[in-house]
>>> print(open('start_24.cif').read())   # mmCIF, C-alpha atoms
data_target
#
loop_
_atom_site.label_atom_id
_atom_site.label_comp_id
_atom_site.auth_asym_id
_atom_site.auth_seq_id
_atom_site.Cartn_x
_atom_site.Cartn_y
_atom_site.Cartn_z
CA ILE A 45 260.84 49.15 120.62
CA ASN A 46 260.46 46.42 118.03
CA PHE A 47 259.46 43.01 119.34
CA GLY A 48 259.72 41.48 115.87
CA LYS A 49 257.27 39.89 113.47
CA LYS A 50 254.94 37.39 115.09
CA MET A 51 253.66 34.09 113.76
CA SER A 52 250.05 33.01 113.80
CA SER A 53 250.95 29.78 115.59
CA ILE A 54 254.02 27.93 116.85
CA THR A 55 255.61 24.55 116.19
CA LEU A 56 258.64 23.05 117.91
CA SER A 57 260.85 24.20 115.05
CA ASN A 58 259.41 27.72 115.39
CA LYS A 59 259.94 27.60 119.14
CA ILE A 60 263.60 26.66 118.73
CA LYS A 61 264.05 29.55 116.27
CA LEU A 62 262.42 31.99 118.72
CA VAL A 63 264.69 30.83 121.54
CA GLN A 64 267.70 31.23 119.26
CA LYS A 65 266.45 34.69 118.31
CA LEU A 66 266.12 35.64 121.98
CA ARG A 67 269.62 34.42 122.75
CA LEU A 68 271.04 36.33 119.79
CA LYS A 69 269.24 39.49 120.87
CA LEU A 70 270.68 39.21 124.38
CA LYS A 71 274.15 38.40 123.05
CA ARG A 72 274.03 41.53 120.91
CA LYS A 73 272.99 43.57 123.97
CA LYS A 74 269.58 44.38 122.54
CA LEU A 75 266.52 44.89 124.72
CA SER A 76 264.17 41.95 125.33
CA VAL A 77 260.78 42.55 126.95
CA GLY A 78 258.38 39.90 128.24
CA ALA A 79 255.00 39.71 129.98
CA TRP A 80 254.37 38.25 133.44
CA MET A 81 251.33 36.18 134.42
CA GLN A 82 250.00 35.52 137.93
CA ILE A 83 246.37 34.70 137.07
CA SER A 84 245.70 31.15 135.93
CA SER A 85 243.63 31.91 132.84
CA SER A 86 244.10 30.55 129.34
CA GLN A 87 242.12 33.54 128.06
CA ILE A 88 244.63 36.00 129.54
CA ALA A 89 247.42 33.81 128.18
CA GLU A 90 245.89 33.95 124.71
CA ILE A 91 245.61 37.75 124.84
CA LEU A 92 249.23 38.14 125.99
CA GLY A 93 250.39 35.66 123.38
CA GLN A 94 249.11 38.05 120.71
CA ALA A 95 250.68 41.15 122.31
CA ASN A 96 254.10 41.02 120.59
CA PHE A 97 256.17 40.15 123.66
CA ASP A 98 259.40 38.18 123.25
CA TRP A 99 258.32 35.75 125.97
CA ILE A 100 255.71 35.32 128.68
CA THR A 101 256.58 34.18 132.19
CA ILE A 102 254.19 32.01 134.17
CA ASP A 103 254.76 32.77 137.86
CA LEU A 104 254.53 29.56 139.88
CA GLU A 105 256.07 31.17 142.96
CA HIS A 106 253.49 33.91 143.61
CA GLY A 107 250.83 33.15 140.99
CA SER A 108 247.66 31.07 141.30
CA PHE A 109 248.74 28.25 138.95
CA ASP A 110 248.76 24.50 139.51
CA LEU A 111 251.10 22.37 137.44
CA LYS A 112 248.09 20.79 135.75
CA ASP A 113 247.14 24.24 134.39
CA LEU A 114 250.31 24.57 132.34
CA PRO A 115 249.46 22.68 129.13
CA ASN A 116 246.41 24.84 128.39
CA ILE A 117 248.24 28.03 129.36
CA PHE A 118 251.14 27.13 127.07
CA ARG A 119 248.80 26.25 124.19
CA ALA A 120 247.08 29.62 124.48
CA ILE A 121 250.40 31.48 124.45
CA GLU A 122 251.66 29.42 121.52
CA LEU A 123 248.65 30.45 119.42
CA GLY A 124 250.29 33.85 119.16
CA GLY A 125 253.71 32.47 118.25
CA THR A 126 255.27 33.32 121.60
CA ILE A 127 257.47 31.25 123.90
CA SER A 128 256.79 30.59 127.58
CA LEU A 129 259.13 30.78 130.54
CA VAL A 130 258.24 29.61 134.05
CA ARG A 131 259.30 31.28 137.29
CA LEU A 132 259.79 28.21 139.45
CA PRO A 133 258.25 28.04 142.93
CA GLY A 134 261.55 26.80 144.38
CA HIS A 135 264.39 24.44 143.58
CA ASP A 136 262.60 21.09 143.27
CA ALA A 137 264.11 19.02 140.45
CA ASP A 138 260.79 17.28 139.78
CA VAL A 139 259.09 20.63 139.18
CA CYS A 140 261.90 21.67 136.79
CA ASN A 141 261.33 18.46 134.84
CA ARG A 142 257.55 18.85 134.83
CA VAL A 143 257.36 22.44 133.57
CA LEU A 144 259.85 21.77 130.78
CA ASP A 145 258.12 18.51 129.81
CA GLU A 146 254.86 20.43 129.50
CA GLY A 147 256.44 22.82 127.01
CA ALA A 148 258.20 25.71 128.76
CA SER A 149 261.18 27.05 126.81
CA GLY A 150 263.06 27.87 129.99
CA VAL A 151 262.97 28.75 133.66
CA ILE A 152 263.48 31.73 135.92
CA ILE A 153 264.91 30.47 139.20
CA PRO A 154 264.15 32.30 142.48
CA ASN A 155 266.41 32.73 145.51
CA ILE A 156 269.70 31.54 144.07
CA THR A 157 272.40 31.83 146.73
CA SER A 158 275.44 30.07 145.30
CA ALA A 159 277.05 28.73 142.13
CA ASP A 160 276.73 25.13 143.37
CA GLN A 161 273.00 25.57 143.95
CA LEU A 162 272.51 27.05 140.48
CA GLU A 163 274.53 24.28 138.85
CA GLU A 164 272.33 21.64 140.54
CA ILE A 165 269.19 23.28 139.18
CA ARG A 166 270.71 23.81 135.74
CA GLN A 167 271.49 20.10 135.55
CA ALA A 168 267.94 19.27 136.67
CA CYS A 169 266.66 21.30 133.69
CA CYS A 170 268.88 19.78 130.99
CA TRP A 171 268.80 16.40 129.28
CA PRO A 172 272.02 14.35 129.24
CA PRO A 173 274.82 14.69 128.44
CA THR A 174 274.54 18.35 129.53
CA GLY A 175 272.48 17.58 132.64
CA ARG A 176 270.55 14.86 134.42
CA ARG A 177 266.92 15.70 133.64
CA GLY A 178 264.82 12.64 132.90
CA VAL A 179 264.47 11.77 129.22
CA GLY A 180 261.12 10.68 127.85
CA PHE A 181 258.07 11.37 125.71
CA SER A 182 256.08 14.43 126.79
CA ARG A 183 254.03 17.34 125.47
CA ALA A 184 257.29 19.22 124.81
CA ASN A 185 258.24 16.71 122.09
CA LEU A 186 254.63 15.89 121.08
CA PHE A 187 254.84 12.64 123.03
CA GLY A 188 257.70 11.33 120.94
CA LYS A 189 256.73 12.55 117.48
CA ASN A 190 259.33 15.35 117.65
CA PHE A 191 261.76 13.51 119.92
CA ASN A 192 264.78 13.84 117.62
CA ILE A 193 264.24 17.58 117.13
CA TYR A 194 263.70 18.15 120.84
CA LYS A 195 266.66 16.18 122.21
CA SER A 196 269.19 18.89 121.29
CA PHE A 197 266.92 21.72 122.44
CA ALA A 198 266.35 19.93 125.77
CA GLN A 199 270.04 20.15 126.59
CA LYS A 200 269.92 23.95 126.73
CA PRO A 201 266.66 25.57 127.86
CA ILE A 202 266.64 29.26 128.79
CA ILE A 203 268.14 29.63 132.29
CA VAL A 204 267.66 32.87 134.26
CA PRO A 205 268.69 32.87 137.94
CA MET A 206 267.22 35.53 140.21
CA ILE A 207 269.43 37.70 142.40
CA GLU A 208 267.21 38.58 145.32
CA ASN A 209 269.06 38.04 148.60
CA LYS A 210 272.25 39.01 150.40
CA GLU A 211 273.93 35.66 149.73
CA SER A 212 273.33 35.87 145.97
CA PHE A 213 274.77 39.38 145.92
CA GLU A 214 277.86 38.32 147.87
CA ASN A 215 278.39 35.25 145.65
CA LEU A 216 277.50 36.95 142.37
CA ASP A 217 280.83 36.48 140.61
CA GLU A 218 280.71 32.72 141.22
CA ILE A 219 277.04 32.54 140.18
CA LEU A 220 277.76 34.39 136.94
CA SER A 221 280.54 31.91 136.16
CA VAL A 222 278.11 28.98 135.87
CA LYS A 223 277.83 27.87 132.24
CA GLY A 224 274.49 28.09 130.46
CA ILE A 225 273.11 31.30 131.98
CA ASP A 226 271.15 33.43 129.50
CA ALA A 227 270.50 36.41 131.78
CA ILE A 228 270.12 37.25 135.43
CA LEU A 229 267.04 38.89 136.93
CA ILE A 230 267.14 41.17 139.96
CA GLY A 231 264.28 40.77 142.42
CA PRO A 232 264.45 44.29 143.89
CA TYR A 233 262.02 43.97 146.78
CA ASP A 234 263.36 40.70 148.19
CA LEU A 235 266.93 41.91 147.66
CA SER A 236 266.25 45.19 149.46
CA ALA A 237 264.69 43.32 152.40
CA SER A 238 267.61 40.90 152.63
CA LEU A 239 270.05 43.81 152.77
CA GLY A 240 268.12 45.67 155.48
CA LEU A 241 266.71 48.22 153.04
CA THR A 242 263.16 46.88 152.77
CA GLY A 243 261.26 48.70 150.03
CA LYS A 244 263.89 51.45 149.72
CA ILE A 245 264.33 50.74 146.03
CA LYS A 246 265.16 54.32 145.08
CA SER A 247 267.61 54.95 147.93
CA GLN A 248 271.22 55.80 147.12
CA SER A 249 272.46 52.78 149.08
CA PHE A 250 270.30 50.34 147.14
CA GLN A 251 271.03 51.92 143.76
CA LYS A 252 274.74 51.50 144.50
CA ILE A 253 274.12 47.77 144.96
CA ILE A 254 272.16 47.60 141.70
CA ASN A 255 274.99 49.33 139.85
CA ASN A 256 277.44 46.86 141.38
CA ILE A 257 275.34 43.95 140.07
CA LYS A 258 275.19 45.49 136.60
CA SER A 259 278.97 46.00 136.57
CA LYS A 260 279.60 42.36 137.46
CA CYS A 261 277.14 41.18 134.81
CA LYS A 262 278.94 43.33 132.24
CA LYS A 263 282.29 41.83 133.27
CA HIS A 264 280.92 38.30 132.80
CA LYS A 265 279.05 39.28 129.59
CA ILE A 266 275.70 38.19 131.06
CA PRO A 267 272.64 40.41 130.36
CA CYS A 268 271.17 41.97 133.48
CA GLY A 269 267.41 42.24 134.01
CA ILE A 270 265.00 43.74 136.50
CA HIS A 271 261.22 43.51 136.87
CA VAL A 272 259.54 46.70 135.63
CA ILE A 273 256.41 46.93 137.76
CA GLU A 274 254.79 50.13 136.47
CA PRO A 275 253.01 49.43 133.14
CA SER A 276 254.29 52.35 131.07
CA LEU A 277 256.58 52.91 128.11
CA SER A 278 258.51 55.51 130.11
CA SER A 279 259.41 52.84 132.69
CA ILE A 280 260.72 50.52 129.97
CA ARG A 281 262.80 53.33 128.50
CA LYS A 282 264.14 54.33 131.91
CA TYR A 283 265.45 50.86 132.72
CA SER A 284 266.67 50.26 129.18
CA ASN A 285 268.67 53.51 129.31
CA LYS A 286 270.23 52.29 132.57
CA GLY A 287 271.59 49.24 130.77
CA PHE A 288 269.04 46.55 131.64
CA LYS A 289 268.39 44.21 128.69
CA PHE A 290 266.03 41.54 130.07
CA LEU A 291 262.84 43.20 131.28
CA PRO A 292 259.69 41.52 132.56
CA TYR A 293 257.00 44.13 131.94
CA SER A 294 254.59 44.61 134.83
CA LEU A 295 252.11 41.80 135.73
CA ASP A 296 248.65 40.89 134.52
CA THR A 297 247.35 41.62 138.04
CA ASN A 298 249.04 45.02 138.21
CA VAL A 299 247.77 46.09 134.79
CA ILE A 300 244.21 45.39 135.94
CA LEU A 301 244.70 47.21 139.25
CA SER A 302 246.36 50.18 137.55
CA ASN A 303 243.96 50.69 134.66
CA TYR A 304 240.57 49.16 135.34
CA HIS A 305 238.40 50.97 137.85
CA ASN A 306 235.08 52.75 138.12
CA PRO A 307 235.62 56.11 136.39
CA LEU A 308 232.94 57.71 138.57
CA LYS A 309 234.93 57.01 141.73
CA SER A 310 238.51 57.72 142.70
CA LYS A 311 240.96 54.84 142.90
#
>>> encode(input="start_24.cif", output="structure tokens")
Amino acid sequence: INFGKKMSSITLSNKIKLVQKLRLKLKRKKLSVGAWMQISSSQIAEILGQANFDWITIDLEHGSFDLKDLPNIFRAIELGGTISLVRLPGHDADVCNRVLDEGASGVIIPNITSADQLEEIRQACCWPPTGRRGVGFSRANLFGKNFNIYKSFAQKPIIVPMIENKESFENLDEILSVKGIDAILIGPYDLSASLGLTGKIKSQSFQKIINNIKSKCKKHKIPCGIHVIEPSLSSIRKYSNKGFKFLPYSLDTNVILSNYHNPLKSK
């Protein structure tokens, strides 16, 4: 797996190039792997920023972050020449605006249930004329210094809706028809619970549903992703071989729990 050559730091022009590179990779059906942060620590962000991932997701839904933490987290990630995505805590338009103004390159949107709902959130993430997000000076455009460069980029941030409930599964064709989607991400545990198969991720019934989602994504030419929880190369290869192209790789919390323990005592 080649994550590409990394830069020692990132500028807005670099960031735009990295987003374009990610989109091209997904369009060409190549694998893209990113990290996932739940711990609000700029030190962890700095380490992950140097780890050759395509992107790093800041989890505002289940992580310990406040919105005020984001600028320092983003700066730490950008030191390694890596872009940041944010898993939103919900569907609040003000939060969409805030995370993108602080410098996120895109959003991962939880609990999407319909095409209309996704379109509302997409518009809340995009500057006019593409959407209705508020236009202004912010950290994302260096408080106006890079306004002209940013205004085109701000019309098309990375958009990744999550498929993690019965309604999203039933309405998947309509959801995948919304313009501006870069990938979809399956939330396997929430989806299994919503379908009455809580935690039965490996069951034949659930795998049939996953294959159905992948088939619909293929029909709509949208890359399909799933969160790879186990921190191992074999897990990445397994999901890649199954056709998944957008893979969040484990979590900072899970890596610590899996690998850091007293060697004199059993886990």
>>> closest_atom_pairs(input="start_24.cif", of="segment 204-276 of chain A", to="segment 164-187 of chain A", cutoff="12 Å", atoms="only C-alpha atoms", output="JSON lines")
{"residue": "A:Val204", "atom": "CA", "partner": "A:Arg166", "partner_atom": "CA", "distance": 9.7}
{"residue": "A:Pro205", "atom": "CA", "partner": "A:Arg166", "partner_atom": "CA", "distance": 9.5}
{"residue": "A:Ile219", "atom": "CA", "partner": "A:Arg166", "partner_atom": "CA", "distance": 11.7}
{"residue": "A:Val222", "atom": "CA", "partner": "A:Arg166", "partner_atom": "CA", "distance": 9.0}
{"residue": "A:Lys223", "atom": "CA", "partner": "A:Arg166", "partner_atom": "CA", "distance": 8.9}
{"residue": "A:Gly224", "atom": "CA", "partner": "A:Arg166", "partner_atom": "CA", "distance": 7.8}
{"residue": "A:Ile225", "atom": "CA", "partner": "A:Arg166", "partner_atom": "CA", "distance": 8.7}
{"residue": "A:Asp226", "atom": "CA", "partner": "A:Arg166", "partner_atom": "CA", "distance": 11.5}
>>> resolve_selection(input="start_24.cif", expression="the PyMOL selection byres ((chain A and resi 299) around 12)", output="compact mmCIF listing (two decimals) with C-alpha atoms, in the coordinates of the input")
# COMPACT_ATOMS: atom_id res chain seq x y z
CA ALA A 79 255.00 39.71 129.98
CA TRP A 80 254.37 38.25 133.44
CA MET A 81 251.33 36.18 134.42
CA GLN A 82 250.00 35.52 137.93
CA ILE A 83 246.37 34.70 137.07
CA ILE A 88 244.63 36.00 129.54
CA LEU A 92 249.23 38.14 125.99
CA VAL A 272 259.54 46.70 135.63
CA ILE A 273 256.41 46.93 137.76
CA GLU A 274 254.79 50.13 136.47
CA PRO A 275 253.01 49.43 133.14
CA SER A 276 254.29 52.35 131.07
CA TYR A 293 257.00 44.13 131.94
CA SER A 294 254.59 44.61 134.83
CA LEU A 295 252.11 41.80 135.73
CA ASP A 296 248.65 40.89 134.52
CA THR A 297 247.35 41.62 138.04
CA ASN A 298 249.04 45.02 138.21
CA ILE A 300 244.21 45.39 135.94
CA LEU A 301 244.70 47.21 139.25
CA SER A 302 246.36 50.18 137.55
CA ASN A 303 243.96 50.69 134.66
CA TYR A 304 240.57 49.16 135.34
CA HIS A 305 238.40 50.97 137.85
>>> resolve_selection(input="start_24.cif", expression="the PyMOL selection byres ((chain A and resi 70) around 10)", output="JSON, numbers by chain")
{"A": [64, 65, 66, 67, 68, 69, 71, 72, 73, 74, 75, 76, 226, 227, 265, 266, 267, 268, 289, 290]}
>>> residues_around(input="start_24.cif", residues="Phe97 of chain A", least_positions_apart="2", cutoff="6 Å", atoms="only C-alpha atoms", output="PDB file with C-alpha atoms, in the frame of the given file")
ATOM      1  CA  GLY A  78     258.380  39.900 128.240  1.00  0.00           C
ATOM      2  CA  ALA A  95     250.680  41.150 122.310  1.00  0.00           C
ATOM      3  CA  TRP A  99     258.320  35.750 125.970  1.00  0.00           C
TER       4      TRP A  99
END
>>> resolve_selection(input="start_24.cif", expression="the PyMOL selection byres ((chain A and resi 139-144) around 9)", output="list in words")
Leu111, Leu114, Val130, Leu132, Pro133, Gly134, His135, Asp136, Ala137, Asp138, Asp145, Glu146, Gly147, Ala148, Ser149, Gly150, Val151, Ile165, Ala168, Cys169, Cys170, Arg177, Gly178, Ala184, Ala198 and Pro201 of chain A
>>> closest_residue(input="start_24.cif", among="A:Val77, A:Ile54, A:Thr242, A:Ser85", to="Ser284 of chain A", atoms="all atoms listed in the file")
A:Val77
>>> residues_around(input="start_24.cif", residues="Asn116 of chain A", least_positions_apart="2", cutoff="10 Å", atoms="only C-alpha atoms", output="list in words")
Ser84, Ser85, Ser86, Gln87, Ala89, Glu90, Lys112, Asp113, Leu114, Phe118, Arg119, Ala120, Ile121, Glu122 and Glu146 of chain A
>>> atom_distance(input="start_24.cif", atom1="atom CA of Gly287 of chain A", atom2="atom CA of Ser238 of chain A")
23.7 Å
>>> atom_distance(input="start_24.cif", atom1="atom CA of Phe197 of chain A", atom2="atom CA of Ile60 of chain A")
7.0 Å
>>> closest_residue(input="start_24.cif", among="A:Cys261, A:Leu277, A:Ile193, A:Met206", to="Leu229 of chain A", atoms="all atoms listed in the file")
A:Met206
>>> atom_distance(input="start_24.cif", atom1="atom CA of Glu211 of chain A", atom2="atom CA of Ile270 of chain A")
17.9 Å
>>> closest_residue(input="start_24.cif", among="A:Ile245, A:Leu129, A:Leu104, A:Ile207", to="Pro292 of chain A", atoms="only C-alpha atoms")
A:Leu129
>>> closest_residue(input="start_24.cif", among="A:Ile153, A:Leu123, A:Leu220, A:Ile228", to="Lys263 of chain A", atoms="only C-alpha atoms")
A:Leu220
>>> decode(input="start_24.cif", residues="segment 285-298 of chain A", atoms="all heavy atoms", output="PDB file, in the first residue's frame")
ATOM      1  N   ASN A 285      -9.658  -6.267  -0.645  1.00  0.00           N
ATOM      2  CA  ASN A 285      -9.954  -7.363  -1.570  1.00  0.00           C
ATOM      3  C   ASN A 285     -11.454  -7.556  -1.778  1.00  0.00           C
ATOM      4  O   ASN A 285     -11.880  -8.098  -2.799  1.00  0.00           O
ATOM      5  CB  ASN A 285      -9.329  -8.668  -1.061  1.00  0.00           C
ATOM      6  CG  ASN A 285      -7.816  -8.664  -1.154  1.00  0.00           C
ATOM      7  OD1 ASN A 285      -7.230  -7.911  -1.928  1.00  0.00           O
ATOM      8  ND2 ASN A 285      -7.163  -9.499  -0.345  1.00  0.00           N
ATOM      9  N   LYS A 286     -12.250  -7.103  -0.809  1.00  0.00           N
ATOM     10  CA  LYS A 286     -13.709  -7.201  -0.934  1.00  0.00           C
ATOM     11  C   LYS A 286     -14.298  -6.030  -1.725  1.00  0.00           C
ATOM     12  O   LYS A 286     -15.517  -5.963  -1.911  1.00  0.00           O
ATOM     13  CB  LYS A 286     -14.343  -7.252   0.458  1.00  0.00           C
ATOM     14  CG  LYS A 286     -14.130  -8.569   1.182  1.00  0.00           C
ATOM     15  CD  LYS A 286     -14.835  -8.564   2.542  1.00  0.00           C
ATOM     16  CE  LYS A 286     -14.678  -9.911   3.235  1.00  0.00           C
ATOM     17  NZ  LYS A 286     -15.382  -9.936   4.560  1.00  0.00           N
ATOM     18  N   GLY A 287     -13.438  -5.093  -2.137  1.00  0.00           N
ATOM     19  CA  GLY A 287     -13.913  -4.011  -2.979  1.00  0.00           C
ATOM     20  C   GLY A 287     -14.107  -2.674  -2.295  1.00  0.00           C
ATOM     21  O   GLY A 287     -14.525  -1.700  -2.932  1.00  0.00           O
ATOM     22  N   PHE A 288     -13.799  -2.579  -0.999  1.00  0.00           N
ATOM     23  CA  PHE A 288     -13.907  -1.303  -0.291  1.00  0.00           C
ATOM     24  C   PHE A 288     -12.702  -0.428  -0.640  1.00  0.00           C
ATOM     25  O   PHE A 288     -11.563  -0.886  -0.629  1.00  0.00           O
ATOM     26  CB  PHE A 288     -13.961  -1.525   1.217  1.00  0.00           C
ATOM     27  CG  PHE A 288     -15.213  -2.212   1.680  1.00  0.00           C
ATOM     28  CD1 PHE A 288     -15.197  -3.561   2.011  1.00  0.00           C
ATOM     29  CD2 PHE A 288     -16.402  -1.521   1.793  1.00  0.00           C
ATOM     30  CE1 PHE A 288     -16.344  -4.209   2.438  1.00  0.00           C
ATOM     31  CE2 PHE A 288     -17.558  -2.160   2.221  1.00  0.00           C
ATOM     32  CZ  PHE A 288     -17.532  -3.502   2.539  1.00  0.00           C
ATOM     33  N   LYS A 289     -12.964   0.854  -0.927  1.00  0.00           N
ATOM     34  CA  LYS A 289     -11.898   1.750  -1.372  1.00  0.00           C
ATOM     35  C   LYS A 289     -11.658   2.938  -0.443  1.00  0.00           C
ATOM     36  O   LYS A 289     -10.667   3.657  -0.605  1.00  0.00           O
ATOM     37  CB  LYS A 289     -12.210   2.267  -2.785  1.00  0.00           C
ATOM     38  CG  LYS A 289     -12.308   1.163  -3.831  1.00  0.00           C
ATOM     39  CD  LYS A 289     -11.021   0.341  -3.897  1.00  0.00           C
ATOM     40  CE  LYS A 289     -11.122  -0.800  -4.891  1.00  0.00           C
ATOM     41  NZ  LYS A 289      -9.930  -1.693  -4.850  1.00  0.00           N
ATOM     42  N   PHE A 290     -12.530   3.155   0.506  1.00  0.00           N
ATOM     43  CA  PHE A 290     -12.386   4.283   1.445  1.00  0.00           C
ATOM     44  C   PHE A 290     -12.404   3.688   2.850  1.00  0.00           C
ATOM     45  O   PHE A 290     -13.455   3.320   3.371  1.00  0.00           O
ATOM     46  CB  PHE A 290     -13.538   5.269   1.246  1.00  0.00           C
ATOM     47  CG  PHE A 290     -13.446   6.521   2.097  1.00  0.00           C
ATOM     48  CD1 PHE A 290     -12.670   7.601   1.691  1.00  0.00           C
ATOM     49  CD2 PHE A 290     -14.137   6.620   3.290  1.00  0.00           C
ATOM     50  CE1 PHE A 290     -12.590   8.748   2.460  1.00  0.00           C
ATOM     51  CE2 PHE A 290     -14.066   7.761   4.063  1.00  0.00           C
ATOM     52  CZ  PHE A 290     -13.291   8.829   3.647  1.00  0.00           C
ATOM     53  N   LEU A 291     -11.201   3.569   3.443  1.00  0.00           N
ATOM     54  CA  LEU A 291     -11.086   2.809   4.689  1.00  0.00           C
ATOM     55  C   LEU A 291     -10.508   3.637   5.834  1.00  0.00           C
ATOM     56  O   LEU A 291      -9.311   3.927   5.851  1.00  0.00           O
ATOM     57  CB  LEU A 291     -10.198   1.579   4.473  1.00  0.00           C
ATOM     58  CG  LEU A 291     -10.702   0.518   3.495  1.00  0.00           C
ATOM     59  CD1 LEU A 291      -9.705  -0.629   3.419  1.00  0.00           C
ATOM     60  CD2 LEU A 291     -12.078   0.002   3.895  1.00  0.00           C
ATOM     61  N   PRO A 292     -11.342   4.034   6.801  1.00  0.00           N
ATOM     62  CA  PRO A 292     -10.797   4.526   8.066  1.00  0.00           C
ATOM     63  C   PRO A 292     -10.111   3.359   8.785  1.00  0.00           C
ATOM     64  O   PRO A 292     -10.700   2.281   8.917  1.00  0.00           O
ATOM     65  CB  PRO A 292     -12.035   4.993   8.842  1.00  0.00           C
ATOM     66  CG  PRO A 292     -13.108   5.138   7.818  1.00  0.00           C
ATOM     67  CD  PRO A 292     -12.808   4.112   6.768  1.00  0.00           C
ATOM     68  N   TYR A 293      -8.880   3.591   9.226  1.00  0.00           N
ATOM     69  CA  TYR A 293      -8.079   2.519   9.813  1.00  0.00           C
ATOM     70  C   TYR A 293      -8.044   2.632  11.326  1.00  0.00           C
ATOM     71  O   TYR A 293      -7.381   3.495  11.888  1.00  0.00           O
ATOM     72  CB  TYR A 293      -6.664   2.581   9.238  1.00  0.00           C
ATOM     73  CG  TYR A 293      -5.723   1.526   9.773  1.00  0.00           C
ATOM     74  CD1 TYR A 293      -6.018   0.176   9.654  1.00  0.00           C
ATOM     75  CD2 TYR A 293      -4.522   1.894  10.378  1.00  0.00           C
ATOM     76  CE1 TYR A 293      -5.143  -0.786  10.134  1.00  0.00           C
ATOM     77  CE2 TYR A 293      -3.642   0.931  10.858  1.00  0.00           C
ATOM     78  CZ  TYR A 293      -3.961  -0.407  10.735  1.00  0.00           C
ATOM     79  OH  TYR A 293      -3.103  -1.360  11.209  1.00  0.00           O
ATOM     80  N   SER A 294      -8.786   1.761  11.982  1.00  0.00           N
ATOM     81  CA  SER A 294      -8.849   1.669  13.433  1.00  0.00           C
ATOM     82  C   SER A 294      -9.167   3.026  14.082  1.00  0.00           C
ATOM     83  O   SER A 294      -9.787   3.897  13.464  1.00  0.00           O
ATOM     84  CB  SER A 294      -7.553   1.078  14.001  1.00  0.00           C
ATOM     85  OG  SER A 294      -7.757   0.586  15.307  1.00  0.00           O
ATOM     86  N   LEU A 295      -8.758   3.219  15.337  1.00  0.00           N
ATOM     87  CA  LEU A 295      -8.949   4.466  16.076  1.00  0.00           C
ATOM     88  C   LEU A 295      -7.739   4.648  16.981  1.00  0.00           C
ATOM     89  O   LEU A 295      -7.119   3.661  17.397  1.00  0.00           O
ATOM     90  CB  LEU A 295     -10.218   4.426  16.939  1.00  0.00           C
ATOM     91  CG  LEU A 295     -11.545   3.983  16.343  1.00  0.00           C
ATOM     92  CD1 LEU A 295     -11.705   2.479  16.459  1.00  0.00           C
ATOM     93  CD2 LEU A 295     -12.710   4.665  17.058  1.00  0.00           C
ATOM     94  N   ASP A 296      -7.430   5.880  17.327  1.00  0.00           N
ATOM     95  CA  ASP A 296      -6.317   6.095  18.249  1.00  0.00           C
ATOM     96  C   ASP A 296      -6.554   5.356  19.564  1.00  0.00           C
ATOM     97  O   ASP A 296      -5.652   4.743  20.128  1.00  0.00           O
ATOM     98  CB  ASP A 296      -6.069   7.592  18.485  1.00  0.00           C
ATOM     99  CG  ASP A 296      -7.310   8.367  18.893  1.00  0.00           C
ATOM    100  OD1 ASP A 296      -8.418   7.786  18.987  1.00  0.00           O
ATOM    101  OD2 ASP A 296      -7.174   9.586  19.119  1.00  0.00           O
ATOM    102  N   THR A 297      -7.802   5.374  20.047  1.00  0.00           N
ATOM    103  CA  THR A 297      -8.139   4.691  21.300  1.00  0.00           C
ATOM    104  C   THR A 297      -7.931   3.184  21.185  1.00  0.00           C
ATOM    105  O   THR A 297      -7.389   2.533  22.091  1.00  0.00           O
ATOM    106  CB  THR A 297      -9.593   4.974  21.680  1.00  0.00           C
ATOM    107  OG1 THR A 297     -10.436   4.740  20.530  1.00  0.00           O
ATOM    108  CG2 THR A 297      -9.773   6.414  22.127  1.00  0.00           C
ATOM    109  N   ASN A 298      -8.358   2.611  20.066  1.00  0.00           N
ATOM    110  CA  ASN A 298      -8.273   1.168  19.897  1.00  0.00           C
ATOM    111  C   ASN A 298      -6.831   0.698  19.740  1.00  0.00           C
ATOM    112  O   ASN A 298      -6.456  -0.379  20.209  1.00  0.00           O
ATOM    113  CB  ASN A 298      -9.089   0.741  18.679  1.00  0.00           C
ATOM    114  CG  ASN A 298      -9.335  -0.751  18.645  1.00  0.00           C
ATOM    115  OD1 ASN A 298      -9.822  -1.327  19.611  1.00  0.00           O
ATOM    116  ND2 ASN A 298      -8.992  -1.387  17.549  1.00  0.00           N
TER     117      ASN A 298
END
